$ cat coords-v6.txt   # compact mmCIF, C-alpha atoms and all ligand atoms
# COMPACT_ATOMS: atom_id res chain seq x y z
CA MET A 280 10.13 -20.35 -7.54
CA LYS A 281 12.10 -18.68 -4.77
CA LYS A 282 12.60 -14.97 -5.41
CA GLN A 283 15.15 -12.61 -3.92
CA VAL A 284 13.41 -9.45 -2.85
CA VAL A 285 14.64 -6.31 -1.13
CA VAL A 286 12.04 -4.37 0.86
CA ILE A 287 12.94 -0.76 1.63
CA GLY A 288 10.94 1.15 4.23
CA LEU A 289 9.30 -0.73 7.06
CA GLY A 290 6.13 1.24 7.72
CA ARG A 291 2.87 -0.70 7.89
CA PHE A 292 2.84 -1.43 4.17
CA GLY A 293 6.50 -2.44 3.79
CA THR A 294 6.33 -4.58 6.92
CA SER A 295 3.30 -6.45 5.70
CA VAL A 296 4.80 -7.05 2.23
CA CYS A 297 8.03 -8.29 3.83
CA LYS A 298 6.33 -10.66 6.29
CA GLU A 299 4.09 -12.18 3.65
CA LEU A 300 6.92 -12.74 1.12
CA TYR A 301 9.01 -14.36 3.83
CA ARG A 302 6.09 -16.54 4.91
CA LEU A 303 5.71 -17.63 1.27
CA GLY A 304 9.32 -18.83 1.30
CA HIS A 305 11.12 -16.07 -0.55
CA GLU A 306 14.46 -14.58 0.43
CA VAL A 307 13.77 -11.11 1.77
CA LEU A 308 16.24 -8.38 2.68
CA ALA A 309 14.52 -5.72 4.82
CA ILE A 310 16.01 -2.23 5.04
CA ASP A 311 15.11 0.83 7.11
CA THR A 312 16.96 3.75 8.64
CA LYS A 313 15.26 3.17 12.01
CA VAL A 314 16.81 0.59 14.31
CA ASP A 315 13.54 -0.31 16.08
CA ARG A 316 11.77 -1.03 12.79
CA VAL A 317 14.65 -3.24 11.64
CA ASP A 318 14.70 -5.07 14.98
CA GLY A 319 10.98 -5.66 14.71
CA ILE A 320 11.27 -7.44 11.36
CA ARG A 321 14.25 -9.66 12.19
CA ASP A 322 12.17 -12.79 12.82
CA TYR A 323 10.11 -12.21 9.67
CA SER A 324 12.87 -11.68 7.08
CA SER A 325 16.00 -13.42 5.81
CA HIS A 326 18.20 -10.39 6.59
CA ALA A 327 17.29 -7.11 8.26
CA VAL A 328 19.66 -4.18 7.98
CA VAL A 329 19.78 -0.59 9.17
CA ALA A 330 20.77 1.46 6.11
CA ASN A 331 19.97 4.60 4.21
CA ALA A 332 18.49 3.49 0.91
CA THR A 333 19.22 6.80 -0.78
CA ASP A 334 22.94 6.17 -0.35
CA GLU A 335 24.10 4.36 -3.46
CA SER A 336 27.28 2.98 -1.94
CA GLU A 337 25.35 1.49 0.99
CA LEU A 338 22.94 -0.20 -1.39
CA LYS A 339 25.81 -1.59 -3.44
CA SER A 340 27.70 -2.87 -0.41
CA LEU A 341 24.57 -4.77 0.66
CA GLY A 342 24.66 -6.62 -2.65
CA VAL A 343 21.31 -5.22 -3.69
CA ARG A 344 22.26 -5.57 -7.36
CA ASN A 345 21.85 -9.32 -7.10
CA PHE A 346 18.17 -9.07 -6.23
CA ASP A 347 15.47 -9.63 -8.88
CA HIS A 348 12.86 -7.57 -7.19
CA ALA A 349 12.63 -4.48 -4.99
CA ILE A 350 9.76 -2.92 -3.08
CA VAL A 351 10.15 0.72 -2.12
CA ALA A 352 7.70 1.50 0.67
CA ILE A 353 8.79 4.96 1.71
CA GLY A 354 5.45 6.68 1.55
CA ASP A 355 5.74 10.09 3.05
CA ASN A 356 9.26 11.11 2.10
CA LEU A 357 8.79 11.86 -1.59
CA GLN A 358 12.40 12.76 -2.21
CA ALA A 359 13.78 9.59 -0.62
CA SER A 360 11.25 7.43 -2.44
CA VAL A 361 12.07 8.91 -5.86
CA LEU A 362 15.82 8.89 -5.35
CA CYS A 363 15.80 5.33 -4.12
CA THR A 364 13.68 4.16 -7.06
CA LEU A 365 15.98 5.86 -9.53
CA MET A 366 19.05 4.27 -7.97
CA LEU A 367 17.57 0.78 -7.88
CA LYS A 368 16.80 1.03 -11.59
CA GLU A 369 20.31 2.33 -12.29
CA ILE A 370 21.83 -0.52 -10.31
CA GLY A 371 19.89 -2.79 -12.67
CA ILE A 372 17.11 -4.36 -10.61
CA ALA A 373 14.62 -5.83 -13.06
CA LYS A 374 11.44 -5.16 -11.10
CA VAL A 375 11.07 -2.16 -8.86
CA TRP A 376 7.64 -1.76 -7.30
CA VAL A 377 6.98 1.42 -5.38
CA LYS A 378 4.36 2.68 -2.97
CA ALA A 379 3.04 6.15 -3.80
CA ARG A 380 0.95 8.42 -1.63
CA ASP A 381 -0.91 10.17 -4.45
CA LEU A 382 -1.21 10.60 -8.21
CA GLN A 383 1.52 13.22 -8.44
CA HIS A 384 3.95 10.93 -6.63
CA GLN A 385 2.88 8.07 -8.92
CA LYS A 386 3.63 10.10 -12.06
CA ILE A 387 7.13 11.02 -10.88
CA LEU A 388 7.87 7.40 -10.01
CA GLU A 389 6.76 6.24 -13.46
CA LYS A 390 9.06 8.82 -15.04
CA VAL A 391 12.10 7.59 -13.12
CA GLY A 392 11.43 4.00 -14.15
CA ALA A 393 9.27 2.32 -11.48
CA ASP A 394 7.88 -0.90 -12.96
CA LYS A 395 4.74 -0.81 -10.87
CA VAL A 396 3.31 1.88 -8.64
CA ILE A 397 0.87 1.06 -5.86
CA GLN A 398 -1.35 3.46 -3.95
CA PRO A 399 -2.57 1.17 -1.16
CA GLU A 400 -4.92 3.57 0.61
CA ASN A 401 -6.49 4.67 -2.65
CA GLU A 402 -6.79 1.16 -4.08
CA MET A 403 -8.17 -0.33 -0.87
CA GLY A 404 -10.65 2.54 -0.61
CA ILE A 405 -11.99 1.76 -4.09
CA ARG A 406 -12.20 -1.91 -3.27
CA VAL A 407 -14.14 -1.32 -0.06
CA ALA A 408 -16.55 1.01 -1.87
CA GLN A 409 -17.06 -1.59 -4.62
CA HIS A 410 -17.91 -4.23 -2.02
CA MET A 411 -20.36 -1.89 -0.36
CA ASN A 412 -21.93 -0.93 -3.67
CA SER A 413 -22.80 -4.48 -4.59
CA GLU A 414 -24.03 -7.28 -2.40
CA LYS A 415 -23.27 -9.74 -5.17
CA ILE A 416 -19.65 -8.83 -5.83
CA ILE A 417 -17.28 -10.59 -3.45
CA ASP A 418 -14.03 -9.53 -5.02
CA TYR A 419 -12.62 -8.10 -8.19
CA ILE A 420 -9.35 -7.66 -10.05
CA ASP A 421 -8.75 -5.06 -12.74
CA LEU A 422 -6.98 -6.46 -15.81
CA SER A 423 -6.93 -3.06 -17.53
CA ASN A 424 -9.10 0.01 -17.33
CA LYS A 425 -11.69 -1.86 -19.42
CA TYR A 426 -11.51 -5.47 -18.34
CA SER A 427 -11.91 -7.08 -14.94
CA ILE A 428 -12.35 -10.39 -13.21
CA ILE A 429 -15.06 -10.43 -10.54
CA GLU A 430 -16.53 -12.93 -8.14
CA LEU A 431 -20.31 -13.00 -8.06
CA VAL A 432 -22.64 -14.92 -5.77
CA ALA A 433 -25.26 -16.98 -7.58
CA SER A 434 -28.81 -16.01 -6.59
CA ALA A 435 -32.00 -18.09 -6.89
CA LYS A 436 -32.41 -16.67 -10.39
CA VAL A 437 -29.64 -18.85 -11.78
CA ALA A 438 -29.75 -21.76 -9.32
CA ASP A 439 -30.10 -25.24 -10.83
CA LYS A 440 -29.36 -23.99 -14.32
CA THR A 441 -26.44 -25.09 -16.46
CA LEU A 442 -23.94 -22.65 -17.96
CA ASN A 443 -25.33 -23.63 -21.33
CA GLN A 444 -28.85 -22.63 -20.29
CA LEU A 445 -27.65 -19.35 -18.86
CA ASN A 446 -25.70 -18.56 -22.01
CA ILE A 447 -23.62 -15.93 -20.21
CA ARG A 448 -20.97 -15.85 -22.90
CA GLU A 449 -23.41 -14.86 -25.63
CA LYS A 450 -25.82 -12.73 -23.66
CA TYR A 451 -23.26 -10.82 -21.65
CA LYS A 452 -19.95 -11.43 -23.50
CA CYS A 453 -18.47 -12.61 -20.20
CA ILE A 454 -16.54 -15.79 -19.51
CA VAL A 455 -17.09 -17.94 -16.43
CA LEU A 456 -13.56 -18.97 -15.45
CA ALA A 457 -14.39 -20.94 -12.33
CA ILE A 458 -17.18 -21.93 -9.96
CA LYS A 459 -16.47 -22.03 -6.26
CA ARG A 460 -18.63 -24.16 -3.99
CA VAL A 461 -17.72 -24.30 -0.31
CA GLU A 462 -14.17 -25.69 -0.36
CA GLU A 463 -14.22 -26.92 -3.94
CA VAL A 464 -13.25 -24.96 -7.01
CA ASN A 465 -14.24 -26.05 -10.49
CA ILE A 466 -11.56 -24.31 -12.52
CA ALA A 467 -12.65 -25.33 -15.99
CA PRO A 468 -16.44 -25.34 -15.96
CA LEU A 469 -18.17 -27.17 -18.82
CA PRO A 470 -21.40 -26.16 -20.58
CA ASN A 471 -23.40 -28.80 -18.71
CA ASP A 472 -22.13 -27.89 -15.24
CA GLN A 473 -24.95 -26.74 -13.00
CA ILE A 474 -24.92 -23.68 -10.78
CA GLU A 475 -26.23 -24.00 -7.23
CA LEU A 476 -27.60 -21.27 -5.00
CA GLY A 477 -24.70 -19.57 -3.21
CA ASP A 478 -22.03 -20.72 -5.66
CA ILE A 479 -19.40 -18.11 -6.39
CA LEU A 480 -18.79 -17.50 -10.07
CA VAL A 481 -15.44 -16.10 -11.15
CA VAL A 482 -16.22 -14.13 -14.28
CA MET A 483 -14.06 -12.17 -16.73
CA GLY A 484 -15.28 -9.48 -19.09
CA HIS A 485 -15.61 -5.85 -20.02
CA ARG A 486 -16.65 -3.72 -17.05
CA ASP A 487 -19.89 -2.65 -18.72
CA ASP A 488 -20.78 -6.25 -19.55
CA LEU A 489 -19.95 -7.39 -16.04
CA LYS A 490 -22.20 -4.66 -14.68
CA ARG A 491 -25.07 -5.87 -16.92
CA LEU A 492 -24.46 -9.43 -15.78
CA GLU A 493 -24.46 -8.37 -12.15
CA ASP A 494 -27.65 -6.31 -12.49
CA ARG A 495 -29.68 -8.60 -14.69
CA GLY A 496 -28.04 -11.95 -15.21
CA ILE A 497 -27.14 -13.42 -11.86
P1 LIG B 501 2.61 3.08 6.07
O1 LIG B 501 2.70 1.88 5.21
O2 LIG B 501 2.71 2.77 7.51
O3 LIG B 501 1.47 4.00 5.70
P2 LIG B 501 4.23 5.14 5.00
O4 LIG B 501 4.45 4.81 3.57
O5 LIG B 501 3.22 6.16 5.34
O6 LIG B 501 3.97 3.83 5.80
P3 LIG B 501 6.22 5.59 6.92
O7 LIG B 501 5.36 5.15 8.02
O8 LIG B 501 6.91 6.91 7.02
O9 LIG B 501 5.58 5.63 5.50
O10 LIG B 501 7.26 4.44 6.66
C1 LIG B 501 8.31 4.57 5.79
C2 LIG B 501 9.52 3.87 6.37
O11 LIG B 501 10.60 4.10 5.49
C3 LIG B 501 9.93 4.39 7.73
O12 LIG B 501 10.12 3.34 8.63
C4 LIG B 501 11.23 5.13 7.45
O13 LIG B 501 12.15 5.04 8.50
C5 LIG B 501 11.75 4.41 6.22
N1 LIG B 501 12.63 5.24 5.43
C6 LIG B 501 12.46 6.52 5.08
N2 LIG B 501 13.49 6.97 4.35
C7 LIG B 501 14.34 5.92 4.24
C8 LIG B 501 15.61 5.74 3.62
N3 LIG B 501 16.22 6.71 2.95
N4 LIG B 501 16.21 4.53 3.70
C9 LIG B 501 15.62 3.52 4.38
N5 LIG B 501 14.43 3.63 4.98
C10 LIG B 501 13.80 4.81 4.93
P1 LIG B 502 -4.68 7.63 4.96
O1 LIG B 502 -5.81 6.83 4.41
O2 LIG B 502 -4.35 8.78 4.09
O3 LIG B 502 -3.51 6.80 5.35
P2 LIG B 502 -4.96 8.04 7.79
O4 LIG B 502 -5.74 6.91 8.30
O5 LIG B 502 -3.49 7.99 7.96
O6 LIG B 502 -5.29 8.29 6.26
P3 LIG B 502 -5.49 10.84 8.13
O7 LIG B 502 -4.75 11.16 6.90
O8 LIG B 502 -5.11 11.51 9.37
O9 LIG B 502 -5.52 9.31 8.49
O10 LIG B 502 -7.00 11.04 7.80
C1 LIG B 502 -8.00 10.94 8.75
C2 LIG B 502 -9.06 11.97 8.47
O11 LIG B 502 -10.05 11.87 9.50
C3 LIG B 502 -8.54 13.40 8.46
O12 LIG B 502 -9.01 14.09 7.33
C4 LIG B 502 -9.10 13.98 9.78
O13 LIG B 502 -9.41 15.34 9.65
C5 LIG B 502 -10.36 13.16 9.98
N1 LIG B 502 -10.74 13.06 11.39
C6 LIG B 502 -9.94 12.76 12.44
N2 LIG B 502 -10.62 12.78 13.59
C7 LIG B 502 -11.90 13.07 13.27
C8 LIG B 502 -13.09 13.24 14.04
N3 LIG B 502 -13.10 13.09 15.35
N4 LIG B 502 -14.21 13.55 13.37
C9 LIG B 502 -14.21 13.67 12.03
N5 LIG B 502 -13.14 13.55 11.28
C10 LIG B 502 -11.98 13.25 11.86
CA CA B 503 0.93 6.29 5.93
$ encode --input "coords-v6.txt" --output "structure tokens" --more "lines below"
Ligand code: ATP
Ligand code: ATP
Ligand code: CA
Amino acid sequence: MKKQVVVIGLGRFGTSVCKELYRLGHEVLAIDTKVDRVDGIRDYSSHAVVANATDESELKSLGVRNFDHAIVAIGDNLQASVLCTLMLKEIGIAKVWVKARDLQHQKILEKVGADKVIQPENEMGIRVAQHMNSEKIIDYIDLSNKYSIIELVASAKVADKTLNQLNIREKYKCIVLAIKRVEEVNIAPLPNDQIELGDILVVMGHRDDLKRLEDRGI
């Protein structure tokens, strides 16, 4: 479904969020105080406007209240980021997602009502380290601080065995959600489906169980 999103702050992060949302077909209003940044995003947004997002009357006159979703990507100016977040919530935007530069910034944003706080450098750093740490893990998503979904590459140890034979659910308390093979994705694997060498298994479970599966099971 087409969403109406306002992106505030066109640094690297805001620009990339804006371009991708627009590419996906959503209506995106891009805002920055700098003319060159706004000019640069014109072809990759529905509307691009030079405005100060800490000025409530400017936000209102742009019709920001009609948007379902806002992204605040003002990283380095803490005051502007917090003020803008507070105002967007007061205007009544249902989902306000904000980029934070560190934990302290994150905590303040949560207090003023941010619905989601993102620390891109921090999160990407963890992700890169996780990839480096394990040759088997291709990707992972945290569901909570206990549960994750990871993608694991099937080694010779599990090749030509069925899910039933591997008994991952009982032995490791993990659930195989999907099996990826080249271009094909089996999204509802059955007990008799066979794993091939190099298949990518999408598995959900407790972090400790996933770690056991990664070390011993796959
Ligand atoms: P990056 O994603 O590149 O790391 P960043 O979060 O470190 O970005 P900046 O590069 O400073 O932050 O980008 C923030 C952008 O937000 C800048 O283009 C800046 O002009 C814009 N900005 C700052 N304050 C406001 C404001 N009050 N209203 C609108 N835009 C603002
Ligand atoms: P962030 O991930 O916070 O966005 P950044 O890419 O914007 O980081 P900086 O915050 O400037 O970059 O961090 C780069 C770090 O690299 C700094 O701590 C700096 O001291 C260090 N650094 C820069 N040049 C060198 C160098 N020649 N040798 C070793 N360290 C360096
Ligand atoms: Ca930055």
$ axis_aligned_box --input "coords-v6.txt" --around "segment 290-309 of chain A" --padding-each-side "3 Å" --output "lines of an AutoDock Vina configuration file"
center_x = 9.5
center_y = -8.8
center_z = 3.7
size_x = 19.4
size_y = 26.1
size_z = 14.4
$ residues_near_ligand --input "coords-v6.txt" --ligand "ligand CA 503 (chain B)" --cutoff "8 Å" --atoms "all atoms listed in the file" --output "list in words"
Gly290, Arg291, Gly354, Asp355 and Arg380 of chain A
$ residues_near_point --input "coords-v6.txt" --point "(12.3, 3.6, 5.0)" --cutoff "12 Å" --atoms "all atoms listed in the file" --output "NGL selection string"
:A and (285-294 or 309-317 or 328-333 or 350-360 or 363 or 377-378)
$ residues_around --input "coords-v6.txt" --residues "Tyr426 of chain A" --least-positions-apart "3" --cutoff "7 Å" --atoms "only C-alpha atoms" --output "ChimeraX atom specification"
/A:421-423,484-486
$ write_last_selection --input "coords-v6.txt" --atoms "C-alpha atoms" --output "PDB file, keeping the file's coordinate frame"
ATOM      1  CA  ASP A 421      -8.750  -5.060 -12.740  1.00  0.00           C
ATOM      2  CA  LEU A 422      -6.980  -6.460 -15.810  1.00  0.00           C
ATOM      3  CA  SER A 423      -6.930  -3.060 -17.530  1.00  0.00           C
ATOM      4  CA  GLY A 484     -15.280  -9.480 -19.090  1.00  0.00           C
ATOM      5  CA  HIS A 485     -15.610  -5.850 -20.020  1.00  0.00           C
ATOM      6  CA  ARG A 486     -16.650  -3.720 -17.050  1.00  0.00           C
TER       7      ARG A 486
END
$ atom_distance --input "coords-v6.txt" --atom1 "atom CA of Lys425 of chain A" --atom2 "atom CA of Thr364 of chain A"
28.9 Å
$ closest_atom_pairs --input "coords-v6.txt" --of "chain A" --to "ligand LIG 502 (chain B)" --cutoff "10 Å" --atoms "all atoms listed in the file" --output "CSV"
residue,atom,partner,partner_atom,distance
A:Gly354,CA,B:LIG502,O3,9.7
A:Arg380,CA,B:LIG502,O2,7.8
A:Asp381,CA,B:LIG502,O2,9.3
A:Pro399,CA,B:LIG502,O1,8.6
A:Glu400,CA,B:LIG502,O1,5.1
A:Asn401,CA,B:LIG502,O1,7.4
A:Met403,CA,B:LIG502,O1,9.2
A:Gly404,CA,B:LIG502,O1,8.2
